[in-house]
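Visitor: Next up, entry.csv (CSV, C-alpha atoms and all ligand atoms).
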chain,number,residue,atom,x,y,z
A,206,MET,CA,-191.1,3.0,168.4
A,207,THR,CA,-188.6,4.4,170.9
A,208,PRO,CA,-186.1,1.9,171.9
A,209,THR,CA,-185.7,1.1,175.7
A,210,ILE,CA,-182.4,-0.7,175.3
A,211,ARG,CA,-179.9,2.1,174.9
A,212,PRO,CA,-176.2,1.3,175.1
A,213,ARG,CA,-175.6,5.0,174.7
A,214,ARG,CA,-176.7,5.5,178.4
A,215,LEU,CA,-173.3,4.4,179.6
A,216,ARG,CA,-171.4,6.6,177.2
A,217,ALA,CA,-173.1,9.8,178.4
A,218,THR,CA,-170.4,11.3,180.7
A,219,PRO,CA,-166.7,10.9,181.3
A,220,ALA,CA,-167.4,9.4,184.7
A,221,LEU,CA,-169.8,6.8,183.3
A,222,ARG,CA,-167.3,5.9,180.6
A,223,GLY,CA,-164.5,5.7,183.1
A,224,LEU,CA,-166.5,3.4,185.4
A,225,THR,CA,-167.6,1.1,182.6
A,226,ALA,CA,-164.3,0.8,180.7
A,227,GLU,CA,-163.4,-2.9,180.2
A,228,THR,CA,-159.7,-2.3,179.7
A,229,ARG,CA,-157.4,0.0,181.7
A,230,LEU,CA,-153.7,0.6,181.1
A,231,HIS,CA,-151.3,0.9,184.0
A,232,PRO,CA,-147.7,2.2,183.7
A,233,ARG,CA,-146.3,-1.0,185.4
A,234,GLU,CA,-147.4,-3.1,182.4
A,235,LEU,CA,-145.4,-1.0,179.9
A,236,ILE,CA,-141.8,-1.8,178.9
A,237,LEU,CA,-139.5,0.7,177.2
A,238,PRO,CA,-137.1,-0.6,174.5
A,239,MET,CA,-133.9,1.3,174.5
A,240,PHE,CA,-130.8,1.5,172.3
A,241,VAL,CA,-127.2,2.0,173.5
A,242,ARG,CA,-124.3,2.5,171.1
A,243,GLU,CA,-120.7,1.9,171.8
A,244,GLY,CA,-118.3,4.8,171.4
A,245,LEU,CA,-120.9,7.5,171.1
A,246,ALA,CA,-120.1,11.0,172.5
A,247,GLU,CA,-123.6,12.4,172.3
A,248,PRO,CA,-127.0,10.7,172.0
A,249,LEU,CA,-128.0,10.3,168.3
A,250,PRO,CA,-131.5,10.7,167.0
A,251,ILE,CA,-132.9,7.9,164.8
A,252,GLY,CA,-134.5,9.4,161.7
A,253,SER,CA,-137.3,6.9,161.3
A,254,MET,CA,-138.1,6.9,165.0
A,255,PRO,CA,-138.8,10.4,166.1
A,256,GLY,CA,-138.1,10.9,169.8
A,257,VAL,CA,-136.1,7.6,170.1
A,258,LEU,CA,-132.3,7.8,170.5
A,259,GLN,CA,-129.2,5.8,170.2
A,260,HIS,CA,-128.0,6.4,173.7
A,261,THR,CA,-124.6,6.9,175.2
A,262,LEU,CA,-124.1,5.0,178.5
A,263,ASP,CA,-124.8,8.3,180.4
A,264,SER,CA,-127.9,9.2,178.5
A,265,LEU,CA,-129.1,5.6,178.8
A,266,ARG,CA,-128.9,5.7,182.5
A,267,ALA,CA,-130.7,9.0,182.6
A,268,ALA,CA,-133.5,7.7,180.3
A,269,ALA,CA,-133.9,4.5,182.4
A,270,THR,CA,-134.2,6.7,185.5
A,271,GLU,CA,-136.8,8.8,183.8
A,272,ALA,CA,-138.8,5.6,182.8
A,273,ALA,CA,-138.6,4.3,186.4
A,274,GLU,CA,-139.8,7.7,187.8
A,275,ALA,CA,-142.8,7.5,185.3
A,276,GLY,CA,-143.6,4.1,186.8
A,277,VAL,CA,-142.8,2.1,183.8
A,278,GLY,CA,-142.5,-1.6,184.6
A,279,GLY,CA,-139.3,-2.5,182.7
A,280,VAL,CA,-136.7,-1.6,180.1
A,281,MET,CA,-135.5,-3.8,177.2
A,282,LEU,CA,-131.9,-3.0,176.2
A,283,PHE,CA,-130.5,-3.4,172.7
A,284,GLY,CA,-126.7,-2.8,172.1
A,285,ILE,CA,-125.0,-1.5,169.0
A,286,PRO,CA,-121.3,-2.6,169.0
A,287,ALA,CA,-118.4,-0.7,167.4
A,288,GLU,CA,-117.0,-3.8,165.8
A,289,ARG,CA,-119.0,-6.6,164.2
A,290,ASP,CA,-117.9,-10.1,163.0
A,291,ALA,CA,-119.4,-13.3,161.5
A,292,ARG,CA,-120.0,-14.9,164.9
A,293,GLY,CA,-121.1,-11.7,166.8
A,294,SER,CA,-118.2,-11.8,169.3
A,295,ALA,CA,-119.2,-8.6,171.1
A,296,ALA,CA,-122.5,-10.2,172.2
A,297,ASP,CA,-121.0,-12.5,174.9
A,298,ASP,CA,-117.9,-10.3,175.7
A,299,PRO,CA,-118.3,-9.1,179.2
A,300,GLN,CA,-116.9,-5.8,178.0
A,301,GLY,CA,-119.4,-5.7,175.1
A,302,ILE,CA,-121.6,-2.7,175.0
A,303,LEU,CA,-124.9,-4.5,175.8
A,304,ASN,CA,-123.4,-6.2,178.9
A,305,VAL,CA,-121.6,-3.1,180.1
A,306,ALA,CA,-124.9,-1.1,179.7
A,307,THR,CA,-126.9,-3.7,181.5
A,308,ALA,CA,-124.7,-3.5,184.6
A,309,ALA,CA,-124.8,0.3,184.4
A,310,VAL,CA,-128.6,0.4,184.2
A,311,ARG,CA,-128.9,-2.2,187.0
A,312,ALA,CA,-126.6,-0.1,189.2
A,313,GLU,CA,-128.6,3.1,188.4
A,314,VAL,CA,-132.2,2.0,188.7
A,315,GLY,CA,-131.7,-1.0,191.1
A,316,ASP,CA,-135.0,-2.8,191.5
A,317,ALA,CA,-137.2,0.1,190.5
A,318,LEU,CA,-138.0,-1.6,187.2
A,319,VAL,CA,-137.1,-4.9,185.5
A,320,VAL,CA,-133.9,-4.7,183.4
A,321,GLN,CA,-134.2,-6.9,180.4
A,322,THR,CA,-131.9,-7.6,177.4
A,323,ASP,CA,-132.4,-8.6,173.8
A,324,LEU,CA,-130.8,-12.0,173.3
A,325,CYS,CA,-130.1,-12.2,169.6
A,326,LEU,CA,-127.1,-11.9,167.3
A,327,ASP,CA,-128.3,-9.6,164.6
A,328,GLU,CA,-126.9,-6.4,166.2
A,329,PHE,CA,-123.5,-8.1,166.6
A,330,THR,CA,-123.0,-9.9,163.3
A,331,ASP,CA,-121.4,-8.3,160.3
A,332,HIS,CA,-124.0,-10.0,158.0
A,333,GLY,CA,-126.9,-8.9,160.2
A,334,HIS,CA,-128.5,-12.3,160.7
A,335,CYS,CA,-129.9,-13.4,164.0
A,336,GLY,CA,-127.5,-16.4,164.1
A,337,VAL,CA,-124.3,-17.7,162.6
A,338,LEU,CA,-124.3,-18.8,159.0
A,339,GLY,CA,-123.8,-22.4,157.7
A,340,SER,CA,-120.7,-23.4,155.8
A,341,GLU,CA,-122.2,-22.4,152.5
A,342,GLY,CA,-123.0,-19.0,153.9
A,343,ALA,CA,-126.6,-19.0,152.7
A,344,THR,CA,-128.6,-20.1,155.7
A,345,VAL,CA,-128.5,-19.6,159.4
A,346,ASP,CA,-127.2,-22.7,161.2
A,347,ASN,CA,-129.7,-23.4,163.9
A,348,ASP,CA,-127.7,-25.5,166.3
A,349,ALA,CA,-124.4,-23.6,165.9
A,350,THR,CA,-126.4,-20.5,166.8
A,351,LEU,CA,-127.7,-22.1,170.0
A,352,ASP,CA,-124.1,-22.4,171.2
A,353,ARG,CA,-123.8,-18.7,170.7
A,354,TYR,CA,-127.1,-18.0,172.5
A,355,ARG,CA,-125.9,-20.0,175.5
A,356,ALA,CA,-122.8,-18.0,175.8
A,357,MET,CA,-124.8,-14.7,175.4
A,358,ALA,CA,-127.2,-15.8,178.1
A,359,LEU,CA,-124.4,-16.4,180.6
A,360,ALA,CA,-122.8,-13.0,179.8
A,361,GLN,CA,-126.2,-11.2,180.1
A,362,ALA,CA,-127.1,-13.0,183.4
A,363,GLU,CA,-123.6,-12.2,184.7
A,364,ALA,CA,-124.1,-8.5,183.8
A,365,GLY,CA,-127.3,-8.4,185.8
A,366,SER,CA,-130.1,-8.9,183.3
A,367,GLU,CA,-133.2,-10.2,185.0
A,368,LEU,CA,-135.2,-11.3,182.0
A,369,LEU,CA,-133.6,-12.4,178.7
A,370,GLY,CA,-135.6,-11.7,175.6
A,371,LEU,CA,-135.0,-14.6,173.2
A,372,SER,CA,-135.8,-12.9,169.9
A,373,GLY,CA,-133.8,-15.0,167.4
A,374,MET,CA,-136.4,-17.6,166.4
A,375,MET,CA,-134.1,-20.5,166.5
A,376,ASP,CA,-135.7,-23.9,167.2
A,377,GLY,CA,-134.9,-25.1,170.7
A,378,GLN,CA,-133.5,-21.7,171.9
A,379,VAL,CA,-135.5,-21.6,175.1
A,380,ALA,CA,-134.4,-25.1,176.3
A,381,ALA,CA,-130.8,-24.4,175.3
A,382,VAL,CA,-130.6,-21.2,177.2
A,383,ARG,CA,-132.5,-22.5,180.2
A,384,SER,CA,-130.1,-25.4,180.6
A,385,ALA,CA,-127.0,-23.2,180.2
A,386,LEU,CA,-128.3,-20.8,182.8
A,387,ASP,CA,-129.2,-23.6,185.3
A,388,GLU,CA,-125.9,-25.3,184.9
A,389,ALA,CA,-124.1,-22.1,185.8
A,390,GLY,CA,-126.3,-21.4,188.8
A,391,PHE,CA,-128.5,-18.7,187.2
A,392,ASN,CA,-131.7,-20.4,188.2
A,393,ASP,CA,-133.4,-17.1,188.9
A,394,THR,CA,-132.8,-15.5,185.5
A,395,ALA,CA,-136.1,-15.5,183.7
A,396,LEU,CA,-136.8,-16.1,180.0
A,397,LEU,CA,-139.1,-14.1,177.8
A,398,ALA,CA,-139.6,-16.1,174.6
A,399,TYR,CA,-140.5,-14.1,171.5
A,400,SER,CA,-142.5,-17.2,170.5
A,401,ALA,CA,-144.7,-16.0,167.7
A,402,LYS,CA,-142.4,-13.5,166.0
A,403,TYR,CA,-143.3,-12.8,162.4
A,404,ALA,CA,-141.0,-11.8,159.5
A,405,SER,CA,-142.4,-8.3,159.3
A,406,ALA,CA,-141.9,-5.2,157.3
A,407,PHE,CA,-142.8,-3.2,160.4
A,408,TYR,CA,-139.2,-3.8,161.8
A,409,GLY,CA,-138.0,-1.4,159.2
A,410,PRO,CA,-137.1,1.6,161.5
A,411,PHE,CA,-135.4,-0.8,164.0
A,412,ARG,CA,-132.9,-1.7,161.3
A,413,GLU,CA,-131.9,1.9,161.2
A,414,ALA,CA,-131.9,2.1,165.0
A,415,VAL,CA,-129.3,-0.7,165.3
A,416,ASP,CA,-127.4,0.1,162.0
A,417,SER,CA,-128.3,-3.4,160.8
A,418,GLN,CA,-126.0,-4.9,158.2
A,419,LEU,CA,-128.7,-7.2,156.8
A,420,THR,CA,-129.2,-7.3,153.1
A,421,GLY,CA,-131.6,-10.3,152.7
A,422,ASP,CA,-134.5,-11.2,154.9
A,423,ARG,CA,-135.3,-13.4,157.9
A,424,LYS,CA,-138.0,-15.5,156.3
A,425,SER,CA,-136.2,-18.8,156.9
A,426,TYR,CA,-136.4,-18.4,160.7
A,427,GLN,CA,-139.1,-15.8,161.5
A,428,MET,CA,-142.8,-16.8,160.9
A,429,ASP,CA,-144.9,-16.3,157.8
A,430,PRO,CA,-147.4,-13.5,158.4
A,431,ALA,CA,-150.0,-15.8,156.8
A,432,ASN,CA,-149.9,-18.2,159.7
A,433,ARG,CA,-152.2,-18.0,162.7
A,434,ARG,CA,-152.3,-21.6,164.0
A,435,GLU,CA,-148.5,-21.8,163.9
A,436,GLY,CA,-148.4,-19.0,166.5
A,437,LEU,CA,-150.0,-21.3,169.0
A,438,ARG,CA,-147.6,-24.1,168.1
A,439,GLU,CA,-144.6,-21.9,168.7
A,440,VAL,CA,-146.0,-20.8,172.1
A,441,GLU,CA,-146.7,-24.4,173.2
A,442,LEU,CA,-143.2,-25.4,172.3
A,443,ASP,CA,-141.6,-22.5,174.2
A,444,ILE,CA,-143.7,-23.1,177.3
A,445,THR,CA,-142.7,-26.8,177.2
A,446,GLU,CA,-139.1,-25.7,176.9
A,447,GLY,CA,-139.3,-23.5,180.0
A,448,ALA,CA,-140.4,-20.0,178.9
A,449,ASP,CA,-141.5,-17.9,181.8
A,450,ILE,CA,-143.3,-15.4,179.5
A,451,VAL,CA,-144.3,-15.7,175.9
A,452,MET,CA,-144.7,-12.9,173.3
A,453,VAL,CA,-146.4,-12.1,170.1
A,454,LYS,CA,-144.6,-9.7,167.8
A,455,PRO,CA,-145.5,-7.3,166.0
A,456,ALA,CA,-148.7,-6.5,167.8
A,457,MET,CA,-151.1,-4.5,165.6
A,458,SER,CA,-151.2,-6.8,162.6
A,459,TYR,CA,-151.3,-9.9,164.8
A,460,LEU,CA,-154.0,-9.2,167.3
A,461,ASP,CA,-155.8,-12.4,166.4
A,462,VAL,CA,-152.7,-14.4,167.2
A,463,LEU,CA,-152.4,-12.5,170.5
A,464,ALA,CA,-156.0,-13.3,171.4
A,465,ASP,CA,-155.5,-17.0,170.6
A,466,VAL,CA,-152.4,-17.2,172.7
A,467,ALA,CA,-153.9,-15.3,175.6
A,468,ALA,CA,-156.8,-17.7,175.6
A,469,VAL,CA,-154.7,-20.7,176.3
A,470,SER,CA,-151.3,-19.6,177.7
A,471,SER,CA,-150.4,-20.8,181.2
A,472,VAL,CA,-147.7,-18.1,181.5
A,473,PRO,CA,-147.9,-14.3,181.0
A,474,VAL,CA,-148.4,-13.1,177.4
A,475,TRP,CA,-146.7,-10.0,176.2
A,476,ALA,CA,-146.8,-8.1,172.9
A,477,TYR,CA,-144.4,-5.8,171.2
A,478,GLN,CA,-145.6,-2.6,169.5
A,479,VAL,CA,-142.7,-2.5,167.1
A,480,SER,CA,-140.7,0.3,165.5
A,481,GLY,CA,-142.8,0.5,162.3
A,482,GLU,CA,-146.1,0.6,164.3
A,483,ALA,CA,-144.7,3.7,166.2
A,484,ALA,CA,-143.3,5.2,163.0
A,485,MET,CA,-146.7,5.1,161.3
A,486,ILE,CA,-148.3,6.9,164.1
A,487,GLU,CA,-145.5,9.5,164.3
A,488,ALA,CA,-145.6,10.1,160.5
A,489,ALA,CA,-149.4,10.5,160.3
A,490,ALA,CA,-149.4,12.8,163.3
A,491,ALA,CA,-146.6,14.9,162.0
A,492,ASN,CA,-148.7,15.5,158.9
A,493,GLY,CA,-151.7,16.4,161.0
A,494,TRP,CA,-153.6,13.4,159.8
A,495,ILE,CA,-154.3,11.9,163.2
A,496,ASP,CA,-154.3,13.0,166.8
A,497,ARG,CA,-151.0,11.7,168.1
A,498,ARG,CA,-151.9,11.2,171.8
A,499,ARG,CA,-155.2,9.6,171.0
A,500,ALA,CA,-153.6,7.3,168.4
A,501,VAL,CA,-150.9,6.2,170.8
A,502,GLU,CA,-153.5,5.5,173.6
A,503,GLU,CA,-155.8,3.7,171.3
A,504,SER,CA,-153.1,1.5,169.7
A,505,VAL,CA,-151.8,0.4,173.1
A,506,VAL,CA,-155.2,-0.2,174.7
A,507,GLY,CA,-156.1,-2.3,171.6
A,508,ILE,CA,-153.1,-4.5,172.3
A,509,LYS,CA,-154.1,-4.9,175.9
A,510,ARG,CA,-157.8,-5.6,175.0
A,511,ALA,CA,-156.6,-8.3,172.6
A,512,GLY,CA,-155.0,-10.1,175.5
A,513,ALA,CA,-151.5,-8.7,176.3
A,514,ASP,CA,-150.5,-8.7,180.0
A,515,ALA,CA,-147.7,-6.3,179.3
A,516,ILE,CA,-146.6,-4.3,176.2
A,517,LEU,CA,-143.3,-3.2,174.9
A,518,SER,CA,-143.7,0.2,173.4
A,519,TYR,CA,-141.5,3.1,172.3
A,520,PHE,CA,-144.1,5.3,173.8
A,521,ALA,CA,-143.9,3.7,177.3
A,522,THR,CA,-142.4,6.6,179.3
A,523,GLU,CA,-144.6,9.2,177.6
A,524,LEU,CA,-147.7,7.1,177.9
A,525,ALA,CA,-147.0,6.3,181.6
A,526,GLY,CA,-146.9,10.1,182.2
A,527,TRP,CA,-150.3,10.5,180.6
A,528,LEU,CA,-151.7,7.7,182.7
A,529,ARG,CA,-150.9,9.3,186.1
B,1,LIG,C1,-133.9,-9.0,166.9
B,1,LIG,C2,-135.0,-8.0,167.1
B,1,LIG,C3,-135.6,-7.2,166.1
B,1,LIG,C4,-136.6,-6.4,166.7
B,1,LIG,C5,-136.5,-6.7,168.1
B,1,LIG,N1,-135.6,-7.7,168.3
B,1,LIG,C6,-135.3,-7.1,164.7
B,1,LIG,C7,-135.7,-8.2,163.7
B,1,LIG,O1,-136.2,-9.2,164.1
B,1,LIG,O2,-135.5,-7.9,162.6
B,1,LIG,C8,-137.5,-5.4,166.1
B,1,LIG,C9,-138.2,-4.5,167.0
B,1,LIG,C10,-138.8,-3.3,166.4
B,1,LIG,O3,-139.0,-3.2,165.1
B,1,LIG,O4,-139.1,-2.4,167.1
B,1,LIG,N2,-132.8,-8.6,167.7
Give the structure from this file in structure tokens form.

Guide:
Amino acid sequence: MTPTIRPRRLRATPALRGLTAETRLHPRELILPMFVREGLAEPLPIGSMPGVLQHTLDSLRAAATEAAEAGVGGVMLFGIPAERDARGSAADDPQGILNVATAAVRAEVGDALVVQTDLCLDEFTDHGHCGVLGSEGATVDNDATLDRYRAMALAQAEAGSELLGLSGMMDGQVAAVRSALDEAGFNDTALLAYSAKYASAFYGPFREAVDSQLTGDRKSYQMDPANRREGLREVELDITEGADIVMVKPAMSYLDVLADVAAVSSVPVWAYQVSGEAAMIEAAAANGWIDRRRAVEESVVGIKRAGADAILSYFATELAGWLR
């Protein structure tokens, strides 16, 4: 018997497929992560991240302008300091590279996109951990780290960051930073909480991007990849503490967590397509094993379909160009 119910009818032409697509990407919901390195004369390629650069202040400004012109919604800045120490002193130094770069990008792109900063110590510490170490030097001291985050938050807000990306996974970090900002009059500086951030192998290329000094791992503060329910718990805590936006990270291996969070969150939910996710696409495409553009589009549309309101992606500017 010939079937009368034929889902294929709506797949017949590009116009029909376009009209019936359930998920659509828009440049405004893309955020470009960017790296700026102190004391650099020329932008430096990152081997494991083809097309991504360690920027000078000048090339950072130019790339931020390019992103704004492509219609990208925001940039997330990461700084690589010339000097590192145990407490990450350069992180809250007003002359520290990330803070100087934030002011420079703000001055350059104004309000054309949202200027955001990574609020974490790992780029600034000589041991590479996201916080300061306890007296025995083995574990990250949660509450001593919160003091450092408060100072960092004030420096970043002062420099002009509009949205602080709390990526350190310390307990109580959202409440600590919120109160420090409010006490200093930065009531309008918003907080993006990396709420469900997993201890992931997919951060590998990022470690090269920021010349990370880490030798161990982050398993005592980032989440266990095995845990789904715990992602919701972290999100609930962060919303209670005052998070304006919550995030799930990485994206691709955690789409179930993302869908769970999107189903219940009262604030926007973002996801981060991390360095290793991009690297896998680049490596396979370079070998001719996958179609690069289709893989990029499919990977990001999948993250949106799972529930992300906005997506951090190293492909943001390029993808925005394709979406025009
Ligand atoms: C912490 C931070 C990391 C990433 C973003 N923020 C590194 C980590 O947690 O180890 C990774 C992002 C990526 O892999 O693209 N400052």

Visitor: Which range 222-333 of chain A residues have any atom within 12 Å of an atom of range 366-373 of chain A, and for each, what is the nearest pair of atoms with distance in Å to one decimal, counting only C-alpha atoms, rows sorted by chain and number, as CSV?

Guide:
residue,atom,partner,partner_atom,distance
A:Ile236,CA,A:Leu368,CA,12.0
A:Pro238,CA,A:Gly370,CA,11.3
A:Gly279,CA,A:Leu368,CA,9.7
A:Val280,CA,A:Leu368,CA,10.0
A:Met281,CA,A:Gly370,CA,8.1
A:Leu282,CA,A:Ser366,CA,9.4
A:Phe283,CA,A:Gly370,CA,10.2
A:Leu303,CA,A:Ser366,CA,10.1
A:Asn304,CA,A:Ser366,CA,8.5
A:Val305,CA,A:Ser366,CA,10.8
A:Ala306,CA,A:Ser366,CA,10.0
A:Thr307,CA,A:Ser366,CA,6.4
A:Ala308,CA,A:Ser366,CA,7.7
A:Ala309,CA,A:Ser366,CA,10.7
A:Val310,CA,A:Ser366,CA,9.5
A:Arg311,CA,A:Ser366,CA,7.7
A:Ala312,CA,A:Ser366,CA,11.2
A:Gly315,CA,A:Glu367,CA,11.1
A:Asp316,CA,A:Glu367,CA,10.0
A:Leu318,CA,A:Glu367,CA,10.1
A:Val319,CA,A:Glu367,CA,6.6
A:Val320,CA,A:Ser366,CA,5.7
A:Gln321,CA,A:Leu368,CA,4.8
A:Thr322,CA,A:Leu369,CA,5.3
A:Asp323,CA,A:Gly370,CA,4.8
A:Leu324,CA,A:Leu371,CA,4.9
A:Cys325,CA,A:Gly373,CA,5.1
A:Leu326,CA,A:Gly373,CA,7.4
A:Asp327,CA,A:Gly373,CA,8.2
A:Glu328,CA,A:Gly373,CA,11.1
A:Gly333,CA,A:Gly373,CA,11.7

Visitor: As a PyMOL selection string, please: every protein or nucleic acid residue near ligand LIG 1 (chain B) (cut-off 10 Å, counting only C-alpha atoms and all ligand atoms).

Guide: chain A and resi 238-239+254+281-284+322-329+333-335+370-374+399+402-415+417+419+422-423+426-427+454-455+477-484+517-519

Visitor: Pick out the closest residue to Val345 in chain A from this set: A:Arg383, A:Arg289, A:Lys424, A:Arg510. Count all atoms listed in the file.

Guide: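 Of A:Arg383, A:Arg289, A:Lys424, A:Arg510, the one nearest Val345 in chain A, counting all atoms listed in the file, is A:Lys424.
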
Visitor: What separation in Å, quoted to one decimal, exists between CA of Glu363 in chain A and CA of Gly293 in chain A?

Guide: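 Computing it gives 18.1 Å between the two atoms.
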
Visitor: Do you have the CA of Ser471 in chain A-CA of Ala317 in chain A distance handy?

Guide: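 Between these atoms lies a distance of 26.4 Å.
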
Visitor: Between CA of Lys509 in chain A and CA of Glu441 in chain A, what distance in Å does the model show, to one decimal?

Guide: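 Computed distance, CA of Lys509 in chain A to CA of Glu441 in chain A, equals 21.0 Å.
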
Visitor: Which residues come within 6 Å of Arg242 in chain A, counting all atoms listed in the file, excluding same-chain residues fewer than 4 positions away, as a ChimeraX atom specification?

Guide: /A:259-260,284-285
